[in-house]
file my_file35.cif (mmCIF, C-alpha atoms)
data_final
#
loop_
_atom_site.label_atom_id
_atom_site.label_comp_id
_atom_site.auth_asym_id
_atom_site.auth_seq_id
_atom_site.Cartn_x
_atom_site.Cartn_y
_atom_site.Cartn_z
CA MET M 399 32.62 30.33 -6.62
CA THR M 400 30.40 32.15 -4.11
CA ILE M 401 27.40 34.10 -5.39
CA LEU M 402 29.11 37.31 -4.26
CA ASP M 403 32.19 36.46 -6.33
CA GLN M 404 30.00 35.52 -9.31
CA VAL M 405 28.28 38.91 -9.15
CA LEU M 406 31.57 40.81 -8.77
CA LYS M 407 33.14 38.91 -11.67
CA ALA M 408 30.10 39.57 -13.88
CA ASN M 409 30.24 43.23 -12.85
CA HIS M 410 33.93 43.62 -13.74
CA HIS M 411 33.23 42.14 -17.14
CA PHE M 412 30.21 44.40 -17.65
CA VAL M 413 32.05 47.59 -16.65
CA ASP M 414 35.08 46.74 -18.79
CA ASN M 415 32.85 46.06 -21.78
CA LEU M 416 30.07 48.56 -21.16
CA PRO M 417 27.35 47.96 -23.75
CA PRO M 418 26.88 51.11 -25.87
CA GLU M 419 23.23 51.55 -24.82
CA TYR M 420 24.43 52.20 -21.26
CA ASP M 421 27.26 54.54 -22.21
CA ASP M 422 25.42 57.81 -21.52
CA ALA M 423 28.38 59.64 -19.92
CA GLY M 424 26.32 59.85 -16.73
CA ASP M 425 23.66 62.06 -18.31
CA THR M 426 20.60 60.01 -17.32
CA SER M 427 18.59 62.03 -14.78
CA LYS M 428 17.27 60.65 -11.51
CA LYS M 429 13.92 62.22 -12.52
CA PRO M 430 12.02 59.66 -14.61
CA ASN M 431 11.48 61.12 -18.07
CA LYS M 432 8.10 59.40 -18.42
CA HIS M 433 7.10 60.93 -15.05
CA LEU M 434 6.03 57.47 -13.97
CA ALA M 435 6.33 55.39 -10.79
CA ILE M 436 5.66 51.65 -11.00
CA PHE M 437 4.90 49.60 -7.90
CA THR M 438 5.12 45.87 -8.46
CA CYS M 439 6.14 42.51 -6.98
CA MET M 440 9.60 41.16 -6.12
CA ASP M 441 8.83 37.96 -8.08
CA THR M 442 11.89 36.60 -9.84
CA ARG M 443 9.95 35.93 -13.06
CA LEU M 444 9.34 39.69 -13.40
CA VAL M 445 13.06 40.55 -13.21
CA ASP M 446 14.33 41.55 -16.66
CA PHE M 447 10.83 40.83 -18.03
CA LEU M 448 8.24 43.29 -16.72
CA GLU M 449 10.03 46.47 -17.79
CA PRO M 450 10.77 45.29 -21.36
CA ALA M 451 7.19 43.95 -21.60
CA LEU M 452 5.96 47.48 -20.79
CA GLY M 453 8.44 49.18 -23.09
CA ILE M 454 10.06 50.89 -20.07
CA LYS M 455 13.77 51.66 -20.34
CA ARG M 456 16.46 53.04 -18.05
CA GLY M 457 15.71 56.63 -17.03
CA GLU M 458 11.98 56.39 -17.70
CA ALA M 459 10.33 55.29 -14.43
CA LYS M 460 10.86 54.79 -10.72
CA VAL M 461 10.33 51.14 -9.82
CA ILE M 462 9.26 50.08 -6.31
CA LYS M 463 8.96 46.38 -5.46
CA ASN M 464 7.99 44.22 -2.50
CA ALA M 465 6.42 40.82 -1.89
CA GLY M 466 2.94 40.92 -3.41
CA ASN M 467 3.03 44.65 -4.18
CA SER M 468 1.40 45.08 -0.79
CA VAL M 469 0.64 48.26 1.14
CA THR M 470 -0.06 47.78 4.84
CA GLY M 471 0.00 51.26 6.33
CA PRO M 472 -0.53 54.94 5.48
CA PHE M 473 3.18 55.83 5.63
CA GLU M 474 4.97 52.56 4.99
CA ALA M 475 7.90 52.25 2.60
CA THR M 476 5.93 52.26 -0.66
CA ILE M 477 3.89 55.32 0.32
CA ARG M 478 7.07 57.11 1.43
CA SER M 479 8.72 56.18 -1.87
CA LEU M 480 5.75 57.47 -3.89
CA ILE M 481 5.76 60.71 -1.89
CA VAL M 482 9.45 61.33 -2.60
CA GLY M 483 8.79 60.46 -6.25
CA ILE M 484 5.79 62.78 -6.58
CA PHE M 485 7.02 65.79 -4.60
CA GLU M 486 10.76 65.67 -5.31
CA LEU M 487 11.25 63.78 -8.56
CA ASP M 488 8.41 64.88 -10.83
CA VAL M 489 6.38 61.66 -10.83
CA LYS M 490 2.94 62.44 -12.33
CA GLU M 491 1.34 59.00 -12.68
CA VAL M 492 1.49 55.75 -10.69
CA MET M 493 0.97 52.18 -11.89
CA ILE M 494 0.30 49.38 -9.40
CA ILE M 495 1.18 46.13 -11.20
CA GLY M 496 0.26 42.80 -9.65
CA HIS M 497 0.75 39.48 -11.39
CA TYR M 498 -1.02 36.14 -11.68
CA ASP M 499 0.33 33.20 -9.63
CA CYS M 500 1.68 35.54 -6.94
CA GLY M 501 3.41 33.61 -4.15
CA VAL M 502 1.85 35.80 -1.45
CA ALA M 503 -1.63 34.60 -2.46
CA HIS M 504 -0.47 31.02 -1.81
CA SER M 505 1.04 31.81 1.62
CA SER M 506 -0.62 31.79 5.02
CA SER M 507 0.61 33.22 8.30
CA GLN M 508 0.33 29.82 10.00
CA GLY M 509 2.34 28.10 7.28
CA LEU M 510 5.02 30.78 7.44
CA VAL M 511 5.17 30.67 11.24
CA ASN M 512 5.60 26.90 11.15
CA LYS M 513 8.53 27.23 8.74
CA MET M 514 10.12 29.96 10.88
CA LEU M 515 9.82 27.87 14.06
CA ALA M 516 11.29 24.85 12.24
CA ARG M 517 14.32 26.98 11.30
CA GLY M 518 14.83 27.97 14.94
CA ILE M 519 13.43 31.53 14.86
CA SER M 520 12.51 32.84 18.31
CA PRO M 521 8.83 32.17 19.14
CA ASP M 522 8.77 35.43 21.09
CA ALA M 523 10.05 37.46 18.12
CA ILE M 524 7.37 35.82 15.96
CA LYS M 525 4.67 36.67 18.52
CA MET M 526 5.66 40.33 18.25
CA VAL M 527 4.64 40.39 14.57
CA ALA M 528 1.95 37.69 14.47
CA ASP M 529 -0.97 40.12 14.18
CA GLU M 530 0.69 42.08 11.38
CA MET M 531 1.60 38.86 9.59
CA GLU M 532 -2.01 37.67 9.71
CA ALA M 533 -3.38 41.03 8.58
CA TRP M 534 -1.03 40.90 5.60
CA LEU M 535 -0.89 37.26 4.45
CA ASP M 536 -4.32 35.98 5.41
CA THR M 537 -6.20 38.76 3.61
CA PHE M 538 -4.29 38.40 0.31
CA HIS M 539 -6.38 35.93 -1.69
CA HIS M 540 -6.11 36.99 -5.30
CA PRO M 541 -3.61 39.30 -7.04
CA TRP M 542 -6.41 41.05 -9.00
CA ASP M 543 -8.29 41.91 -5.79
CA ASN M 544 -5.03 43.03 -4.19
CA VAL M 545 -4.38 45.47 -7.05
CA GLU M 546 -7.87 46.95 -6.58
CA HIS M 547 -7.27 47.16 -2.83
CA VAL M 548 -3.86 48.82 -3.17
CA VAL M 549 -5.14 51.33 -5.75
CA ALA M 550 -7.99 52.23 -3.36
CA LYS M 551 -5.59 52.54 -0.40
CA ILE M 552 -3.24 54.86 -2.29
CA ARG M 553 -6.09 56.81 -3.94
CA SER M 554 -7.64 57.57 -0.54
CA ASN M 555 -4.34 58.40 1.19
CA PRO M 556 -4.46 62.13 2.03
CA LEU M 557 -0.70 62.42 1.41
CA ILE M 558 -1.15 61.58 -2.31
CA PRO M 559 -2.32 64.50 -4.53
CA LEU M 560 -5.71 63.96 -6.16
CA ASP M 561 -4.42 64.97 -9.59
CA ILE M 562 -2.06 61.97 -9.76
CA PRO M 563 -3.71 59.06 -11.64
CA ILE M 564 -3.30 55.72 -9.82
CA HIS M 565 -3.63 52.92 -12.36
CA GLY M 566 -4.06 49.25 -11.50
CA LEU M 567 -2.69 46.57 -13.85
CA ILE M 568 -2.08 42.84 -13.74
CA PHE M 569 0.76 41.01 -15.46
CA ASN M 570 0.93 37.45 -16.75
CA PRO M 571 4.39 36.17 -15.75
CA LYS M 572 4.29 33.51 -18.47
CA THR M 573 3.14 35.46 -21.52
CA GLY M 574 4.15 39.00 -20.53
CA GLU M 575 0.62 40.28 -21.14
CA ILE M 576 -0.79 43.24 -19.18
CA GLU M 577 -4.48 43.82 -18.38
CA VAL M 578 -6.04 46.96 -16.95
CA VAL M 579 -7.67 46.46 -13.53
CA VAL M 580 -8.26 50.15 -12.72
CA ASN M 581 -7.99 53.02 -15.20
CA GLY M 582 -6.61 55.80 -13.04
CA TYR M 583 -7.79 58.58 -15.34
CA GLN M 584 -11.42 57.89 -14.51
CA GLY M 585 -12.70 60.39 -11.99
CA ILE M 586 -9.34 62.14 -11.77
CA MET M 587 -9.49 65.65 -10.35
CA LYS M 588 -7.57 67.96 -12.69
CA MET L 1335 -1.23 59.37 -26.29
CA THR L 1336 -1.53 58.87 -22.51
CA ILE L 1337 1.24 57.05 -20.69
CA LEU L 1338 -1.21 54.21 -19.96
CA ASP L 1339 -1.97 53.86 -23.68
CA GLN L 1340 1.76 54.00 -24.51
CA VAL L 1341 2.43 51.15 -22.09
CA LEU L 1342 -0.49 49.06 -23.38
CA LYS L 1343 0.57 49.60 -26.98
CA ALA L 1344 4.17 48.63 -26.20
CA ASN L 1345 2.88 45.59 -24.35
CA HIS L 1346 0.71 44.40 -27.26
CA HIS L 1347 3.70 44.69 -29.55
CA PHE L 1348 5.92 42.83 -27.07
CA VAL L 1349 3.48 39.96 -26.56
CA ASP L 1350 2.80 39.59 -30.28
CA ASN L 1351 6.54 39.50 -30.99
CA LEU L 1352 7.80 37.77 -27.86
CA PRO L 1353 11.61 37.81 -27.98
CA PRO L 1354 12.92 34.22 -27.97
CA GLU L 1355 14.84 34.69 -24.69
CA TYR L 1356 11.49 35.15 -22.91
CA ASP L 1357 9.72 32.26 -24.59
CA ASP L 1358 10.17 29.72 -21.79
CA ALA L 1359 6.70 28.15 -22.07
CA GLY L 1360 6.03 29.35 -18.54
CA ASP L 1361 8.71 27.13 -17.04
CA THR L 1362 10.58 29.80 -15.06
CA SER L 1363 10.09 29.10 -11.34
CA LYS L 1364 9.05 31.68 -8.78
CA LYS L 1365 11.96 30.35 -6.68
CA PRO L 1366 15.10 32.27 -7.67
CA ASN L 1367 17.59 29.80 -9.09
CA LYS L 1368 20.55 31.73 -7.66
CA HIS L 1369 18.83 31.62 -4.22
CA LEU L 1370 19.36 35.36 -4.00
CA ALA L 1371 17.31 38.35 -2.83
CA ILE L 1372 18.47 41.84 -3.81
CA PHE L 1373 17.23 44.92 -1.97
CA THR L 1374 17.96 48.15 -3.77
CA CYS L 1375 16.69 51.64 -4.63
CA MET L 1376 13.78 52.70 -6.84
CA ASP L 1377 16.09 55.10 -8.74
CA THR L 1378 15.22 55.34 -12.41
CA ARG L 1379 18.89 55.10 -13.45
CA LEU L 1380 19.04 51.59 -11.98
CA VAL L 1381 16.06 50.33 -14.02
CA ASP L 1382 17.30 48.04 -16.81
CA PHE L 1383 20.88 48.72 -15.64
CA LEU L 1384 21.55 47.26 -12.19
CA GLU L 1385 20.51 43.69 -13.00
CA PRO L 1386 22.52 43.44 -16.25
CA ALA L 1387 25.48 45.09 -14.48
CA LEU L 1388 25.35 42.27 -11.91
CA GLY L 1389 24.82 39.55 -14.49
CA ILE L 1390 21.40 38.80 -13.00
CA LYS L 1391 18.76 37.47 -15.38
CA ARG L 1392 15.07 36.60 -15.19
CA GLY L 1393 14.43 33.74 -12.77
CA GLU L 1394 17.65 34.23 -10.81
CA ALA L 1395 16.82 36.62 -7.93
CA LYS L 1396 14.04 38.29 -6.00
CA VAL L 1397 14.34 42.06 -6.32
CA ILE L 1398 12.91 44.41 -3.67
CA LYS L 1399 13.07 48.19 -4.18
CA ASN L 1400 12.12 51.34 -2.34
CA ALA L 1401 13.33 54.94 -2.05
CA GLY L 1402 16.87 54.80 -0.69
CA ASN L 1403 16.80 51.04 0.03
CA SER L 1404 15.68 52.05 3.51
CA VAL L 1405 14.50 49.87 6.38
CA THR L 1406 12.60 51.69 9.12
CA GLY L 1407 11.08 48.97 11.26
CA PRO L 1408 11.54 45.34 12.32
CA PHE L 1409 8.60 44.05 10.26
CA GLU L 1410 8.17 46.61 7.50
CA ALA L 1411 7.66 45.67 3.86
CA THR L 1412 11.27 44.80 3.04
CA ILE L 1413 11.68 42.59 6.10
CA ARG L 1414 8.37 40.87 5.33
CA SER L 1415 9.50 40.36 1.74
CA LEU L 1416 12.84 38.89 2.83
CA ILE L 1417 11.05 36.57 5.26
CA VAL L 1418 8.75 35.24 2.55
CA GLY L 1419 11.79 34.87 0.27
CA ILE L 1420 13.87 33.01 2.86
CA PHE L 1421 11.23 30.74 4.39
CA GLU L 1422 8.98 30.08 1.39
CA LEU L 1423 11.07 30.64 -1.74
CA ASP L 1424 14.48 29.22 -0.96
CA VAL L 1425 16.44 32.49 -0.71
CA LYS L 1426 19.84 31.74 0.85
CA GLU L 1427 21.72 35.04 0.50
CA VAL L 1428 20.73 38.71 0.59
CA MET L 1429 22.41 41.69 -1.09
CA ILE L 1430 21.63 45.24 0.04
CA ILE L 1431 22.64 47.50 -2.85
CA GLY L 1432 22.73 51.27 -2.37
CA HIS L 1433 24.02 53.68 -4.99
CA TYR L 1434 25.96 56.92 -5.16
CA ASP L 1435 24.02 60.16 -5.72
CA CYS L 1436 20.90 58.74 -4.04
CA GLY L 1437 18.03 61.24 -4.02
CA VAL L 1438 17.07 60.37 -0.46
CA ALA L 1439 20.46 61.63 0.80
CA HIS L 1440 19.68 65.00 -0.78
CA SER L 1441 16.19 65.24 0.74
CA SER L 1442 15.12 66.67 4.11
CA SER L 1443 11.84 66.31 5.94
CA GLN L 1444 11.36 70.09 6.06
CA GLY L 1445 11.96 70.46 2.33
CA LEU L 1446 9.53 67.66 1.57
CA VAL L 1447 6.88 69.06 3.95
CA ASN L 1448 7.15 72.47 2.30
CA LYS L 1449 6.57 70.93 -1.13
CA MET L 1450 3.60 68.92 0.16
CA LEU L 1451 1.99 71.98 1.74
CA ALA L 1452 2.55 73.97 -1.48
CA ARG L 1453 0.66 71.23 -3.40
CA GLY L 1454 -2.28 71.49 -0.98
CA ILE L 1455 -1.70 68.37 1.11
CA SER L 1456 -3.52 68.47 4.46
CA PRO L 1457 -1.28 69.89 7.23
CA ASP L 1458 -2.99 67.54 9.69
CA ALA L 1459 -2.21 64.46 7.57
CA ILE L 1460 1.42 65.60 7.37
CA LYS L 1461 1.56 66.08 11.15
CA MET L 1462 0.50 62.43 11.58
CA VAL L 1463 3.70 61.25 9.85
CA ALA L 1464 6.12 64.10 10.65
CA ASP L 1465 8.10 62.16 13.24
CA GLU L 1466 8.49 59.14 10.97
CA MET L 1467 9.47 61.38 8.06
CA GLU L 1468 12.20 63.02 10.15
CA ALA L 1469 13.48 59.70 11.47
CA TRP L 1470 13.77 58.48 7.89
CA LEU L 1471 14.95 61.43 5.78
CA ASP L 1472 16.99 63.44 8.27
CA THR L 1473 19.18 60.50 9.29
CA PHE L 1474 20.02 59.42 5.72
CA HIS L 1475 23.22 61.31 4.94
CA HIS L 1476 25.30 59.04 2.73
CA PRO L 1477 24.31 55.95 0.72
CA TRP L 1478 27.43 54.06 1.91
CA ASP L 1479 26.54 54.61 5.57
CA ASN L 1480 22.94 53.67 4.83
CA VAL L 1481 24.03 50.33 3.36
CA GLU L 1482 26.07 49.61 6.52
CA HIS L 1483 23.10 50.63 8.65
CA VAL L 1484 20.59 48.49 6.72
CA VAL L 1485 22.90 45.44 6.75
CA ALA L 1486 23.27 45.83 10.54
CA LYS L 1487 19.49 46.23 11.00
CA ILE L 1488 18.71 43.11 8.98
CA ARG L 1489 21.63 41.12 10.46
CA SER L 1490 20.38 41.81 14.01
CA ASN L 1491 16.69 41.18 13.23
CA PRO L 1492 15.72 38.01 15.15
CA LEU L 1493 13.34 37.00 12.34
CA ILE L 1494 16.27 36.56 9.89
CA PRO L 1495 18.19 33.26 10.23
CA LEU L 1496 21.84 33.68 11.22
CA ASP L 1497 23.05 31.36 8.45
CA ILE L 1498 21.85 33.76 5.71
CA PRO L 1499 24.72 36.04 4.57
CA ILE L 1500 23.65 39.70 4.35
CA HIS L 1501 26.00 41.48 1.93
CA GLY L 1502 26.24 45.24 1.52
CA LEU L 1503 27.18 46.72 -1.87
CA ILE L 1504 27.18 50.13 -3.48
CA PHE L 1505 26.50 50.85 -7.15
CA ASN L 1506 27.72 53.67 -9.35
CA PRO L 1507 24.70 54.71 -11.45
CA LYS L 1508 26.98 56.27 -14.10
CA THR L 1509 29.57 53.54 -14.68
CA GLY L 1510 27.67 50.47 -13.46
CA GLU L 1511 30.50 49.56 -11.07
CA ILE L 1512 29.81 47.70 -7.81
CA GLU L 1513 31.90 47.96 -4.62
CA VAL L 1514 31.64 45.75 -1.54
CA VAL L 1515 30.62 47.64 1.63
CA VAL L 1516 30.00 44.57 3.82
CA ASN L 1517 31.07 41.01 2.99
CA GLY L 1518 28.22 39.00 4.46
CA TYR L 1519 30.24 35.78 4.69
CA GLN L 1520 32.44 37.20 7.43
CA GLY L 1521 31.33 35.95 10.79
CA ILE L 1522 28.51 33.91 9.31
CA MET L 1523 27.15 31.17 11.53
CA LYS L 1524 27.02 27.95 9.51
#
call {"tool": "encode", "arguments": {"input": "my_file35.cif", "output": "structure tokens"}}
result
Amino acid sequence: MTILDQVLKANHHFVDNLPPEYDDAGDTSKKPNKHLAIFTCMDTRLVDFLEPALGIKRGEAKVIKNAGNSVTGPFEATIRSLIVGIFELDVKEVMIIGHYDCGVAHSSSQGLVNKMLARGISPDAIKMVADEMEAWLDTFHHPWDNVEHVVAKIRSNPLIPLDIPIHGLIFNPKTGEIEVVVNGYQGIMK
Amino acid sequence: MTILDQVLKANHHFVDNLPPEYDDAGDTSKKPNKHLAIFTCMDTRLVDFLEPALGIKRGEAKVIKNAGNSVTGPFEATIRSLIVGIFELDVKEVMIIGHYDCGVAHSSSQGLVNKMLARGISPDAIKMVADEMEAWLDTFHHPWDNVEHVVAKIRSNPLIPLDIPIHGLIFNPKTGEIEVVVNGYQGIMK
């Protein structure tokens, strides 16, 4: 069975036997009732693990994810998402959550380029993004440092209100434990 | 109690009473064992709902999320994340999953700018991103169309191998039901 068919079959079964905790008659709001946005990594070990480990349930937080919870520009997708969350959907606090053993920290632009060329990707297309790839992958050395960096980038972005705390946390994908990297309440302008 | 303290308290309790389904002795791989990457929306109604509705568990898929599962450039964060997934982490299929009643479809750049100005955000900082904000928010009219658009953008991106199926799906955030917008196997080059 294809993966698409597996997912559709699982979905039919789920919908036909909707677990009672999800049977809210459509009343869950799109505004997170904990007024929280979480920005974290796409890592597969965090799926169905990070949110329960934080005690976060459906309806409580916006969740944004990309490879390495990275921010590379002042209006890229994560910043845009936070802006919509803050100004339209009542988000009042932000948590940046990196994790130990992040794949991005183990990647290099040269290694990635070699794999892309080996798969037949156009060298000219790769050249068009080589500088951006280097700036992203070759500066990401440790998930802890990246959390500090991303918190600082978002904190200093003039599109983000100064009264929104930006917390930095790091997650252990084996044990589920969270540590505080940056307490966003410190120095907050209220 | 602050939201940060709530999360830390919930986390201590979780770690001290680790549910048996998460007690894998750290053996879950960072490579998704269903070889799948999912790109979906940050919507709070999807948190702890979309993955179970698809039958996707920890360790099975990469999950990328932003506001409106939007792609705005040929090497922005989602494309970068997919590239790392495909070339470094053994991703073999991609699912773009929009959802009905998406907040981004109800937003406009002018409405967002007005809210930002009212909160005291610098008019000059807003001017720096006004064109990008328009190109993003004012062209997003319906989540179904956006899924078609994003599938086409990713399918035609020369950095994405042609043998990777790019599926398009749409999710009902009330019932949990999935519909197929684009079957990525059609026309796939194997």
call {"tool": "resolve_selection", "arguments": {"input": "my_file35.cif", "expression": "the PyMOL selection byres ((chain M and resi 440-444) around 6)", "output": "list in words"}}
result
Cys439, Val445, Phe447, Leu448, Lys463, Asn464 and Ala465 of chain M; Lys1364, Pro1366, Arg1392, Gly1393, Ala1395, Lys1396, Val1397 and Ile1398 of chain L
call {"tool": "write_last_selection", "arguments": {"input": "my_file35.cif", "atoms": "C-alpha atoms", "output": "short mmCIF file (atom, residue, chain, number, x, y, z; two decimals), in the coordinates of the input"}}
result
data_model
loop_
_atom_site.label_atom_id
_atom_site.label_comp_id
_atom_site.auth_asym_id
_atom_site.auth_seq_id
_atom_site.Cartn_x
_atom_site.Cartn_y
_atom_site.Cartn_z
CA CYS M 439 6.14 42.51 -6.98
CA VAL M 445 13.06 40.55 -13.21
CA PHE M 447 10.83 40.83 -18.03
CA LEU M 448 8.24 43.29 -16.72
CA LYS M 463 8.96 46.38 -5.46
CA ASN M 464 7.99 44.22 -2.50
CA ALA M 465 6.42 40.82 -1.89
CA LYS L 1364 9.05 31.68 -8.78
CA PRO L 1366 15.10 32.27 -7.67
CA ARG L 1392 15.07 36.60 -15.19
CA GLY L 1393 14.43 33.74 -12.77
CA ALA L 1395 16.82 36.62 -7.93
CA LYS L 1396 14.04 38.29 -6.00
CA VAL L 1397 14.34 42.06 -6.32
CA ILE L 1398 12.91 44.41 -3.67
#
call {"tool": "residues_near_point", "arguments": {"input": "my_file35.cif", "point": "(18.1, 61.5, -1.4)", "cutoff": "10 Å", "atoms": "all atoms listed in the file", "output": "ChimeraX atom specification"}}
result
/M:482,486 /L:1377,1401-1402,1434-1442,1471-1472,1474-1477
call {"tool": "resolve_selection", "arguments": {"input": "my_file35.cif", "expression": "the PyMOL selection byres ((chain M and resi 507) around 9)", "output": "ChimeraX atom specification"}}
result
/M:505-506,508-512,528,531-536
call {"tool": "write_last_selection", "arguments": {"input": "my_file35.cif", "atoms": "C-alpha atoms", "output": "mmCIF file, in the coordinates of the input"}}
result
data_model
loop_
_atom_site.group_PDB
_atom_site.id
_atom_site.type_symbol
_atom_site.label_atom_id
_atom_site.label_comp_id
_atom_site.auth_asym_id
_atom_site.auth_seq_id
_atom_site.Cartn_x
_atom_site.Cartn_y
_atom_site.Cartn_z
ATOM 1 C CA SER M 505 1.040 31.810 1.620
ATOM 2 C CA SER M 506 -0.620 31.790 5.020
ATOM 3 C CA GLN M 508 0.330 29.820 10.000
ATOM 4 C CA GLY M 509 2.340 28.100 7.280
ATOM 5 C CA LEU M 510 5.020 30.780 7.440
ATOM 6 C CA VAL M 511 5.170 30.670 11.240
ATOM 7 C CA ASN M 512 5.600 26.900 11.150
ATOM 8 C CA ALA M 528 1.950 37.690 14.470
ATOM 9 C CA MET M 531 1.600 38.860 9.590
ATOM 10 C CA GLU M 532 -2.010 37.670 9.710
ATOM 11 C CA ALA M 533 -3.380 41.030 8.580
ATOM 12 C CA TRP M 534 -1.030 40.900 5.600
ATOM 13 C CA LEU M 535 -0.890 37.260 4.450
ATOM 14 C CA ASP M 536 -4.320 35.980 5.410
#
call {"tool": "resolve_selection", "arguments": {"input": "my_file35.cif", "expression": "the PyMOL selection byres ((chain L and resi 1358) around 12)", "output": "VMD selection string"}}
result
(chain M and resid 443 447 571 to 574) or (chain L and resid 1352 to 1357 1359 to 1363 1392 to 1393)
call {"tool": "write_last_selection", "arguments": {"input": "my_file35.cif", "atoms": "C-alpha atoms", "output": "PDB file, in the coordinates of the input"}}
result
ATOM      1  CA  ARG M 443       9.950  35.930 -13.060  1.00  0.00           C
ATOM      2  CA  PHE M 447      10.830  40.830 -18.030  1.00  0.00           C
ATOM      3  CA  PRO M 571       4.390  36.170 -15.750  1.00  0.00           C
ATOM      4  CA  LYS M 572       4.290  33.510 -18.470  1.00  0.00           C
ATOM      5  CA  THR M 573       3.140  35.460 -21.520  1.00  0.00           C
ATOM      6  CA  GLY M 574       4.150  39.000 -20.530  1.00  0.00           C
TER       7      GLY M 574
ATOM      8  CA  LEU L1352       7.800  37.770 -27.860  1.00  0.00           C
ATOM      9  CA  PRO L1353      11.610  37.810 -27.980  1.00  0.00           C
ATOM     10  CA  PRO L1354      12.920  34.220 -27.970  1.00  0.00           C
ATOM     11  CA  GLU L1355      14.840  34.690 -24.690  1.00  0.00           C
ATOM     12  CA  TYR L1356      11.490  35.150 -22.910  1.00  0.00           C
ATOM     13  CA  ASP L1357       9.720  32.260 -24.590  1.00  0.00           C
ATOM     14  CA  ALA L1359       6.700  28.150 -22.070  1.00  0.00           C
ATOM     15  CA  GLY L1360       6.030  29.350 -18.540  1.00  0.00           C
ATOM     16  CA  ASP L1361       8.710  27.130 -17.040  1.00  0.00           C
ATOM     17  CA  THR L1362      10.580  29.800 -15.060  1.00  0.00           C
ATOM     18  CA  SER L1363      10.090  29.100 -11.340  1.00  0.00           C
ATOM     19  CA  ARG L1392      15.070  36.600 -15.190  1.00  0.00           C
ATOM     20  CA  GLY L1393      14.430  33.740 -12.770  1.00  0.00           C
TER      21      GLY L1393
END
call {"tool": "atom_distance", "arguments": {"input": "my_file35.cif", "atom1": "atom CA of Ser1490 of chain L", "atom2": "atom CA of Pro1408 of chain L"}}
result
9.7 Å
call {"tool": "closest_residue", "arguments": {"input": "my_file35.cif", "among": "M:Glu575, M:Asp522, M:Asp414, M:Asp403", "to": "chain L", "atoms": "all atoms listed in the file"}}
result
M:Glu575
call {"tool": "atom_distance", "arguments": {"input": "my_file35.cif", "atom1": "atom CA of Ile1372 of chain L", "atom2": "atom CA of Ile562 of chain M"}}
result
29.4 Å
call {"tool": "closest_residue", "arguments": {"input": "my_file35.cif", "among": "L:Lys1426, L:Lys1365, L:His1433, L:Lys1461", "to": "chain M", "atoms": "all atoms listed in the file"}}
result
L:Lys1365
call {"tool": "atom_distance", "arguments": {"input": "my_file35.cif", "atom1": "atom CA of Asn1506 of chain L", "atom2": "atom CA of Met1429 of chain L"}}
result
15.5 Å
call {"tool": "closest_residue", "arguments": {"input": "my_file35.cif", "among": "M:Asn555, M:Asn544, M:Asn581, M:Ser479", "to": "chain L", "atoms": "only C-alpha atoms"}}
result
M:Ser479
call {"tool": "closest_residue", "arguments": {"input": "my_file35.cif", "among": "L:Thr1374, L:Asn1403, L:Asn1345, L:Asn1367", "to": "chain M", "atoms": "all atoms listed in the file"}}
result
L:Asn1345
call {"tool": "residues_around", "arguments": {"input": "my_file35.cif", "residues": "Ile519 of chain M", "least_positions_apart": "6", "cutoff": "7 Å", "atoms": "all atoms listed in the file", "output": "count of residues only"}}
result
3
call {"tool": "closest_residue", "arguments": {"input": "my_file35.cif", "among": "M:Val579, M:Glu458, M:Ala408, M:Ile494", "to": "Val548 of chain M", "atoms": "all atoms listed in the file"}}
result
M:Ile494
call {"tool": "axis_aligned_box", "arguments": {"input": "my_file35.cif", "around": "segment 1506-1515 of chain L", "padding_each_side": "6 Å", "output": "JSON"}}
result
{"center_x": 28.3, "center_y": 51.0, "center_z": -6.5, "size_x": 19.2, "size_y": 22.5, "size_z": 28.3}
call {"tool": "closest_residue", "arguments": {"input": "my_file35.cif", "among": "L:Ala1411, L:Glu1482, L:Glu1513, L:Phe1421", "to": "Gly518 of chain M", "atoms": "all atoms listed in the file"}}
result
L:Phe1421
call {"tool": "build_atoms", "arguments": {"input": "my_file35.cif", "residues": "segment 418-423 of chain M", "atoms": "N, CA, C and O atoms", "output": "PDB file, in the frame of the given file"}}
result
ATOM      1  N   PRO M 418      27.054  49.712 -25.439  1.00  0.00           N
ATOM      2  CA  PRO M 418      26.880  51.110 -25.870  1.00  0.00           C
ATOM      3  C   PRO M 418      25.575  51.746 -25.403  1.00  0.00           C
ATOM      4  O   PRO M 418      25.534  52.954 -25.139  1.00  0.00           O
ATOM      5  N   GLU M 419      24.511  50.951 -25.241  1.00  0.00           N
ATOM      6  CA  GLU M 419      23.230  51.550 -24.820  1.00  0.00           C
ATOM      7  C   GLU M 419      23.287  52.095 -23.400  1.00  0.00           C
ATOM      8  O   GLU M 419      22.418  52.867 -22.988  1.00  0.00           O
ATOM      9  N   TYR M 420      24.303  51.692 -22.629  1.00  0.00           N
ATOM     10  CA  TYR M 420      24.430  52.200 -21.260  1.00  0.00           C
ATOM     11  C   TYR M 420      25.495  53.281 -21.149  1.00  0.00           C
ATOM     12  O   TYR M 420      25.712  53.817 -20.065  1.00  0.00           O
ATOM     13  N   ASP M 421      26.150  53.591 -22.243  1.00  0.00           N
ATOM     14  CA  ASP M 421      27.260  54.540 -22.210  1.00  0.00           C
ATOM     15  C   ASP M 421      26.710  55.952 -22.454  1.00  0.00           C
ATOM     16  O   ASP M 421      26.816  56.506 -23.538  1.00  0.00           O
ATOM     17  N   ASP M 422      26.099  56.514 -21.393  1.00  0.00           N
ATOM     18  CA  ASP M 422      25.420  57.810 -21.520  1.00  0.00           C
ATOM     19  C   ASP M 422      26.239  58.936 -20.904  1.00  0.00           C
ATOM     20  O   ASP M 422      25.722  60.040 -20.706  1.00  0.00           O
ATOM     21  N   ALA M 423      27.498  58.646 -20.554  1.00  0.00           N
ATOM     22  CA  ALA M 423      28.380  59.640 -19.920  1.00  0.00           C
ATOM     23  C   ALA M 423      27.739  60.212 -18.650  1.00  0.00           C
ATOM     24  O   ALA M 423      27.989  61.358 -18.273  1.00  0.00           O
TER      25      ALA M 423
END
